[in-house]
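Engineer: See coords-v9.cif below, with mmCIF, C-alpha atoms.
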```
data_data
#
loop_
_atom_site.label_atom_id
_atom_site.label_comp_id
_atom_site.auth_asym_id
_atom_site.auth_seq_id
_atom_site.Cartn_x
_atom_site.Cartn_y
_atom_site.Cartn_z
CA MET Q 103 18.95 3.46 7.73
CA ILE Q 104 17.53 -0.01 7.08
CA SER Q 105 18.63 -2.85 9.32
CA CYS Q 106 18.64 -6.45 8.18
CA THR Q 107 19.94 -8.00 11.41
CA ASN Q 108 17.84 -10.83 12.81
CA LYS Q 109 15.36 -10.48 9.97
CA LYS Q 110 12.78 -13.25 10.16
CA SER Q 111 10.91 -12.61 6.92
CA LYS Q 112 10.84 -10.24 3.94
CA SER Q 113 8.22 -8.07 5.62
CA ASP Q 114 10.21 -7.86 8.88
CA ILE Q 115 11.99 -4.57 8.19
CA GLU Q 116 13.53 -2.42 10.88
CA ILE Q 117 13.79 1.27 10.05
CA VAL Q 118 15.71 4.06 11.71
CA PHE Q 119 13.36 6.91 10.85
CA THR Q 120 14.37 10.44 9.92
CA GLN Q 121 12.06 13.40 10.47
CA ASP Q 122 11.81 13.97 6.72
CA THR Q 123 8.66 13.78 4.59
CA LEU Q 124 8.31 11.70 1.43
CA GLN Q 125 5.71 13.02 -1.01
CA LEU Q 126 3.86 10.25 -2.84
CA GLY Q 127 2.38 10.65 -6.28
CA TYR Q 128 -1.28 9.98 -7.01
CA THR Q 129 -2.08 7.99 -10.15
CA TYR Q 130 -5.75 9.01 -10.07
CA TRP Q 131 -6.31 7.75 -13.63
CA TRP Q 132 -5.55 4.12 -12.76
CA ASN Q 133 -8.82 2.21 -12.75
CA LYS Q 134 -7.90 0.05 -9.72
CA ALA Q 135 -6.46 0.72 -6.29
CA GLY Q 136 -5.59 -1.47 -3.32
CA PRO Q 137 -3.16 -4.28 -2.63
CA PHE Q 138 -4.39 -6.48 -5.52
CA ILE Q 139 -4.44 -4.59 -8.81
CA GLY Q 140 -3.88 -5.78 -12.37
CA ASN Q 141 -5.01 -9.05 -13.86
CA CYS Q 142 -2.44 -11.18 -12.03
CA GLY Q 143 -1.26 -8.63 -9.46
CA GLU Q 144 1.14 -5.73 -9.94
CA GLU Q 145 4.28 -5.60 -7.82
CA LEU Q 146 3.92 -3.55 -4.67
CA ALA Q 147 6.67 -0.96 -4.20
CA LEU Q 148 6.12 0.35 -0.66
CA VAL Q 149 3.83 -1.01 2.04
CA PHE Q 150 3.55 0.52 5.48
CA GLU Q 151 1.34 0.98 8.51
CA GLY Q 152 0.80 4.34 10.14
CA VAL Q 153 -1.52 6.97 11.55
CA ILE Q 154 -3.09 9.90 9.70
CA THR Q 155 -1.84 13.03 11.47
CA THR Q 156 -3.09 15.81 9.20
CA MET Q 157 -5.82 16.19 6.62
CA LYS Q 158 -6.62 19.46 4.88
CA GLU Q 159 -9.80 20.56 3.16
CA PRO Q 160 -10.36 19.39 -0.45
CA THR Q 161 -9.17 21.74 -3.19
CA ASN Q 162 -9.29 22.02 -6.97
CA ASP Q 163 -5.53 22.71 -7.19
CA PRO Q 164 -4.97 20.03 -9.84
CA GLY Q 165 -7.58 21.70 -12.01
CA PRO Q 166 -10.25 19.58 -13.68
CA LEU Q 167 -8.24 16.36 -13.28
CA TYR Q 168 -9.31 15.41 -9.76
CA THR Q 169 -10.21 16.90 -6.39
CA ALA Q 170 -7.14 16.94 -4.16
CA GLN Q 171 -7.19 16.51 -0.43
CA LYS Q 172 -3.76 16.65 1.13
CA GLY Q 173 -2.81 14.77 4.24
CA LEU Q 174 0.10 13.33 6.18
CA ILE Q 175 0.63 9.84 7.54
CA GLU Q 176 3.18 9.12 10.25
CA ILE Q 177 4.76 5.73 9.54
CA GLU Q 178 4.91 3.21 12.37
CA LYS Q 179 6.04 0.06 10.54
CA VAL Q 180 7.28 -0.68 7.01
CA TYR Q 181 6.59 -4.07 5.39
CA LYS Q 182 8.02 -3.66 1.90
CA ILE Q 183 10.46 -1.35 0.16
CA LYS Q 184 11.23 -1.71 -3.53
CA ASP Q 185 14.50 -0.13 -4.60
CA LEU Q 186 13.75 2.75 -6.98
CA GLU Q 187 17.36 3.96 -7.30
CA ASP Q 188 17.37 7.74 -6.67
CA ARG Q 189 13.79 7.84 -5.31
CA THR Q 190 13.95 4.86 -2.91
CA PHE Q 191 12.37 5.24 0.52
CA LYS Q 192 15.13 6.31 2.88
CA GLY Q 193 13.47 6.09 6.28
CA GLN Q 194 11.26 9.18 6.09
CA LYS Q 195 8.90 9.20 9.09
CA ILE Q 196 6.14 11.16 7.32
CA ILE Q 197 4.36 10.43 4.05
CA GLY Q 198 2.42 13.16 2.24
CA THR Q 199 -0.17 12.63 -0.46
CA ASP Q 200 -3.21 14.39 -1.90
CA CYS Q 201 -5.45 11.36 -2.53
CA PHE Q 202 -7.66 11.51 0.60
CA TYR Q 203 -10.74 12.99 -1.11
CA GLU Q 204 -13.83 10.80 -0.48
CA SER Q 205 -11.68 8.21 1.31
CA GLY Q 206 -13.80 8.24 4.47
CA LEU Q 207 -10.60 8.55 6.51
CA ALA Q 208 -9.89 11.03 9.30
CA VAL Q 209 -7.06 12.30 11.46
CA GLY Q 210 -6.15 9.64 14.01
CA ASP Q 211 -7.10 6.68 11.81
CA GLN Q 212 -4.70 3.74 11.78
CA VAL Q 213 -4.02 2.79 8.15
CA LEU Q 214 -2.26 0.20 6.03
CA VAL Q 215 -0.94 1.75 2.81
CA PHE Q 216 -0.09 0.01 -0.47
CA CYS Q 217 2.03 1.93 -3.01
CA TYR Q 218 3.20 1.05 -6.50
CA GLU Q 219 5.92 2.30 -8.80
CA TYR Q 220 5.14 4.71 -11.60
CA GLU Q 221 7.86 6.37 -13.67
CA GLY Q 222 10.51 5.60 -11.06
CA GLU Q 223 8.61 6.97 -8.06
CA TYR Q 224 6.22 5.64 -5.44
CA THR Q 225 2.55 6.29 -6.11
CA ILE Q 226 -0.83 5.65 -4.57
CA PRO Q 227 -3.45 4.78 -7.19
CA GLY Q 228 -6.46 5.74 -5.08
CA LYS Q 229 -8.35 5.62 -1.83
CA ASN Q 230 -8.56 1.80 -1.72
CA SER Q 231 -4.79 1.73 -1.36
CA ILE Q 232 -5.11 3.38 2.07
CA ILE Q 233 -7.02 0.90 4.22
CA LYS Q 234 -8.35 1.84 7.63
CA ILE Q 235 -7.50 -0.83 10.17
CA GLU Q 236 -8.38 -1.17 13.82
CA ALA Q 237 -5.65 -1.10 16.46
CA PHE Q 238 -5.83 -4.88 16.88
CA ASP Q 239 -6.52 -5.90 13.26
CA PHE Q 240 -3.86 -8.57 13.26
CA GLU Q 241 -5.62 -10.57 10.50
CA THR Q 242 -5.23 -7.89 7.81
CA ILE Q 243 -1.62 -7.16 8.77
CA ALA Q 244 -0.75 -10.88 8.91
CA SER Q 245 -2.37 -11.49 5.51
CA ALA Q 246 -0.59 -8.53 3.90
CA ARG Q 247 2.74 -9.70 5.33
CA ALA Q 248 2.15 -13.30 4.19
CA TYR Q 249 1.43 -12.00 0.68
CA ILE Q 250 4.65 -9.94 0.67
CA ASP Q 251 6.70 -12.79 2.19
CA ALA Q 252 5.45 -15.15 -0.56
CA ASP Q 253 6.67 -12.75 -3.28
CA GLN Q 254 3.06 -11.68 -3.80
CA ASP Q 255 1.85 -15.16 -4.64
CA PRO Q 256 -1.90 -14.92 -3.93
CA LYS Q 257 -2.03 -18.66 -3.21
CA ALA Q 258 -0.30 -17.88 0.11
CA ILE Q 259 -3.42 -15.98 1.24
CA LYS Q 260 -6.17 -17.82 -0.62
CA ASN Q 261 -7.84 -18.66 2.70
CA ASP Q 262 -7.91 -14.96 3.67
CA ILE Q 263 -10.67 -13.86 1.29
CA VAL Q 264 -12.98 -13.10 4.24
CA VAL Q 265 -10.24 -10.89 5.76
CA TRP Q 266 -10.12 -8.77 2.60
CA LYS Q 267 -13.90 -8.82 2.17
CA LYS Q 268 -14.30 -6.54 5.20
CA HIS Q 269 -12.22 -3.97 3.27
CA GLY Q 270 -14.14 -4.50 0.01
CA LEU Q 271 -11.08 -6.07 -1.65
CA ASP Q 272 -12.11 -9.75 -1.79
CA LYS Q 273 -13.04 -9.63 -5.49
CA ASP Q 274 -9.63 -8.15 -6.35
CA LEU Q 275 -7.89 -10.95 -4.45
CA ILE Q 276 -10.07 -13.57 -6.17
CA GLN Q 277 -9.20 -12.01 -9.58
CA ILE Q 278 -5.44 -12.29 -9.11
CA LEU Q 279 -5.78 -15.73 -7.49
CA ASP Q 280 -7.79 -16.99 -10.50
CA CYS Q 281 -5.24 -15.48 -12.88
CA LYS Q 282 -2.34 -17.14 -11.05
CA GLU Q 283 -4.06 -20.54 -10.95
CA ASN Q 284 -5.11 -20.34 -14.62
CA PHE Q 285 -1.59 -19.31 -15.65
CA GLU Q 286 -0.03 -22.20 -13.74
CA ALA Q 287 -2.60 -24.67 -15.17
CA SER Q 288 -1.79 -23.59 -18.73
CA THR Q 289 2.01 -23.67 -18.28
CA PRO Q 290 3.60 -27.00 -19.18
#
```
Please render this file's structure as structure tokens.
Structural biologist:
Amino acid sequence: MISCTNKKSKSDIEIVFTQDTLQLGYTYWWNKAGPFIGNCGEELALVFEGVITTMKEPTNDPGPLYTAQKGLIEIEKVYKIKDLEDRTFKGQKIIGTDCFYESGLAVGDQVLVFCYEYEGEYTIPGKNSIIKIEAFDFETIASARAYIDADQDPKAIKNDIVVWKKHGLDKDLIQILDCKENFEASTP
């Protein structure tokens, strides 16, 4: 399913897609979402680009926990896959999740999605982990790929703060960059 021939970088992943759907969890209780969470940056588990193909009306199915809004994203390109043993991404063409409520996204939007691992499965921690991008937003894609290719070392994209500012994620990048630099300065 996953080809490694002529791979130029870690984020250069070729996928032979299946017509299956992978349902992603929603860790709605996490206080941060996006590509740069945690004090020094949590490891990304699955990163992909795609198009929102379906979005249903919000519901109270989860009860008082959160308002769910289900939707589907058709994957166009995958940039990172973390091996999760039995639950690893296996080339599914469609991703389903119920975290679209108040995301400001719509059917037809091109998105860049950042997932994490929680209890052995892929999860989206919130709406800031699904970023709307324009068809020719090469800066955001290039920055995300550079971050992945550098093993998520924020120093690799320290000059990209303005790129992430347009998505409201500049402060999160600055936080993990400061943490990384302070950690390195204090390590003998």
Engineer: Please, what is the axis-aligned box for every listed atom of range 134-151 of chain Q with 6 Å on each side, as centre and edge lengths in Å to one decimal, as JSON?
Structural biologist:
```
{"center_x": -0.6, "center_y": -5.1, "center_z": -2.7, "size_x": 26.6, "size_y": 24.2, "size_z": 34.4}
```
Engineer: Could you list the residues chosen by the PyMOL selection byres ((chain Q and resi 268) around 12) in this structure as an MDAnalysis selection string?
Structural biologist: chainID Q and resid 233:236 239 241:242 262:267 269:273
Engineer: Return as number ranges by chain the set of residues that the PyMOL selection byres ((chain Q and resi 158) around 9) yields on the displayed structure.
Structural biologist: Q: 156-157, 159-161, 171-173
Engineer: Okay, now the selection with C-alpha atoms, as a JSON list (two decimals), in the frame of the given file?
Structural biologist:
```
[["chain", "number", "residue", "atom", "x", "y", "z"],
["Q", 156, "THR", "CA", -3.09, 15.81, 9.20],
["Q", 157, "MET", "CA", -5.82, 16.19, 6.62],
["Q", 159, "GLU", "CA", -9.80, 20.56, 3.16],
["Q", 160, "PRO", "CA", -10.36, 19.39, -0.45],
["Q", 161, "THR", "CA", -9.17, 21.74, -3.19],
["Q", 171, "GLN", "CA", -7.19, 16.51, -0.43],
["Q", 172, "LYS", "CA", -3.76, 16.65, 1.13],
["Q", 173, "GLY", "CA", -2.81, 14.77, 4.24]]
```
Engineer: For each of Q:Asp122, Q:Glu286, Q:Glu145, Q:Glu178, take the minimum atom-to-atom distance to Tyr249 in chain Q, counting all atoms listed in the file, then give the residue where this is smallest.
Structural biologist: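 Between Q:Asp122, Q:Glu286, Q:Glu145, Q:Glu178, the residue approaching Tyr249 in chain Q most closely is Q:Glu145.
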Engineer: Mind telling me what the PyMOL selection byres ((chain Q and resi 246) around 12) catches here, as a CSV table (one decimal) with C-alpha atoms, keeping the file's coordinate frame?
Structural biologist:
```csv
chain,number,residue,atom,x,y,z
Q,112,LYS,CA,10.8,-10.2,3.9
Q,113,SER,CA,8.2,-8.1,5.6
Q,114,ASP,CA,10.2,-7.9,8.9
Q,136,GLY,CA,-5.6,-1.5,-3.3
Q,137,PRO,CA,-3.2,-4.3,-2.6
Q,138,PHE,CA,-4.4,-6.5,-5.5
Q,146,LEU,CA,3.9,-3.6,-4.7
Q,149,VAL,CA,3.8,-1.0,2.0
Q,150,PHE,CA,3.6,0.5,5.5
Q,151,GLU,CA,1.3,1.0,8.5
Q,180,VAL,CA,7.3,-0.7,7.0
Q,181,TYR,CA,6.6,-4.1,5.4
Q,182,LYS,CA,8.0,-3.7,1.9
Q,214,LEU,CA,-2.3,0.2,6.0
Q,215,VAL,CA,-0.9,1.8,2.8
Q,216,PHE,CA,-0.1,0.0,-0.5
Q,233,ILE,CA,-7.0,0.9,4.2
Q,239,ASP,CA,-6.5,-5.9,13.3
Q,240,PHE,CA,-3.9,-8.6,13.3
Q,241,GLU,CA,-5.6,-10.6,10.5
Q,242,THR,CA,-5.2,-7.9,7.8
Q,243,ILE,CA,-1.6,-7.2,8.8
Q,244,ALA,CA,-0.8,-10.9,8.9
Q,245,SER,CA,-2.4,-11.5,5.5
Q,247,ARG,CA,2.7,-9.7,5.3
Q,248,ALA,CA,2.2,-13.3,4.2
Q,249,TYR,CA,1.4,-12.0,0.7
Q,250,ILE,CA,4.6,-9.9,0.7
Q,251,ASP,CA,6.7,-12.8,2.2
Q,252,ALA,CA,5.4,-15.2,-0.6
Q,253,ASP,CA,6.7,-12.8,-3.3
Q,254,GLN,CA,3.1,-11.7,-3.8
Q,255,ASP,CA,1.8,-15.2,-4.6
Q,256,PRO,CA,-1.9,-14.9,-3.9
Q,258,ALA,CA,-0.3,-17.9,0.1
Q,259,ILE,CA,-3.4,-16.0,1.2
Q,260,LYS,CA,-6.2,-17.8,-0.6
Q,262,ASP,CA,-7.9,-15.0,3.7
Q,263,ILE,CA,-10.7,-13.9,1.3
Q,265,VAL,CA,-10.2,-10.9,5.8
Q,266,TRP,CA,-10.1,-8.8,2.6
Q,275,LEU,CA,-7.9,-11.0,-4.4
```
Engineer: Between Q:Ser205, Q:Asn261, Q:Thr169, Q:Thr190, which is the closest to Tyr218 in chain Q once you count only C-alpha atoms?
Structural biologist: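 Selected residue with least distance to Tyr218 in chain Q: Q:Thr190.
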Engineer: Step by step: locate range 215-241 of chain Q in the block above, keep N, CA and C atoms, then write the file as a compact mmCIF listing (two decimals), in the first residue's frame.
Structural biologist:
```txt
# COMPACT_ATOMS: atom_id res chain seq x y z
N VAL Q 215 -4.65 18.47 7.49
CA VAL Q 215 -5.13 17.89 8.74
C VAL Q 215 -3.97 17.31 9.54
N PHE Q 216 -3.94 17.64 10.84
CA PHE Q 216 -2.90 17.18 11.75
C PHE Q 216 -3.53 16.31 12.84
N CYS Q 217 -3.15 15.03 12.88
CA CYS Q 217 -3.70 14.08 13.85
C CYS Q 217 -2.60 13.63 14.81
N TYR Q 218 -3.04 13.23 15.98
CA TYR Q 218 -2.14 12.73 17.02
C TYR Q 218 -2.55 11.31 17.40
N GLU Q 219 -1.77 10.71 18.25
CA GLU Q 219 -2.11 9.37 18.76
C GLU Q 219 -2.71 9.51 20.15
N TYR Q 220 -3.78 8.78 20.38
CA TYR Q 220 -4.38 8.70 21.71
C TYR Q 220 -4.89 7.28 21.89
N GLU Q 221 -4.38 6.61 22.89
CA GLU Q 221 -4.75 5.23 23.22
C GLU Q 221 -4.67 4.31 22.00
N GLY Q 222 -3.58 4.46 21.24
CA GLY Q 222 -3.31 3.57 20.13
C GLY Q 222 -4.10 3.83 18.86
N GLU Q 223 -4.77 4.98 18.78
CA GLU Q 223 -5.55 5.32 17.59
C GLU Q 223 -5.27 6.77 17.20
N TYR Q 224 -5.55 7.09 15.95
CA TYR Q 224 -5.41 8.46 15.47
C TYR Q 224 -6.56 9.30 16.01
N THR Q 225 -6.25 10.55 16.34
CA THR Q 225 -7.28 11.44 16.87
C THR Q 225 -7.02 12.87 16.39
N ILE Q 226 -8.11 13.60 16.30
CA ILE Q 226 -8.04 15.03 16.02
C ILE Q 226 -8.45 15.74 17.30
N PRO Q 227 -7.59 16.64 17.83
CA PRO Q 227 -7.94 17.29 19.09
C PRO Q 227 -8.85 18.50 18.97
N GLY Q 228 -9.20 18.91 17.77
CA GLY Q 228 -10.10 20.05 17.64
C GLY Q 228 -10.00 20.71 16.30
N LYS Q 229 -10.83 21.75 16.13
CA LYS Q 229 -10.97 22.39 14.82
C LYS Q 229 -9.68 23.02 14.30
N ASN Q 230 -8.76 23.44 15.15
CA ASN Q 230 -7.51 24.02 14.69
C ASN Q 230 -6.56 22.99 14.10
N SER Q 231 -6.93 21.72 14.20
CA SER Q 231 -6.12 20.67 13.58
C SER Q 231 -6.56 20.39 12.15
N ILE Q 232 -7.63 21.04 11.72
CA ILE Q 232 -8.07 20.96 10.32
C ILE Q 232 -7.99 22.37 9.77
N ILE Q 233 -6.96 22.65 9.01
CA ILE Q 233 -6.66 24.00 8.55
C ILE Q 233 -7.10 24.17 7.10
N LYS Q 234 -7.92 25.16 6.86
CA LYS Q 234 -8.32 25.47 5.49
C LYS Q 234 -7.13 26.10 4.77
N ILE Q 235 -6.84 25.57 3.59
CA ILE Q 235 -5.77 26.14 2.77
C ILE Q 235 -6.33 26.46 1.40
N GLU Q 236 -5.70 27.38 0.73
CA GLU Q 236 -6.10 27.71 -0.63
C GLU Q 236 -5.42 26.73 -1.58
N ALA Q 237 -5.94 26.63 -2.78
CA ALA Q 237 -5.42 25.67 -3.76
C ALA Q 237 -3.92 25.86 -4.02
N PHE Q 238 -3.43 27.07 -3.93
CA PHE Q 238 -2.02 27.31 -4.21
C PHE Q 238 -1.28 27.81 -2.97
N ASP Q 239 -1.65 27.30 -1.79
CA ASP Q 239 -0.99 27.68 -0.54
C ASP Q 239 0.24 26.80 -0.34
N PHE Q 240 1.23 27.05 -1.17
CA PHE Q 240 2.45 26.24 -1.12
C PHE Q 240 3.27 26.51 0.14
N GLU Q 241 3.15 27.74 0.70
CA GLU Q 241 3.92 28.09 1.90
C GLU Q 241 3.55 27.22 3.10
```
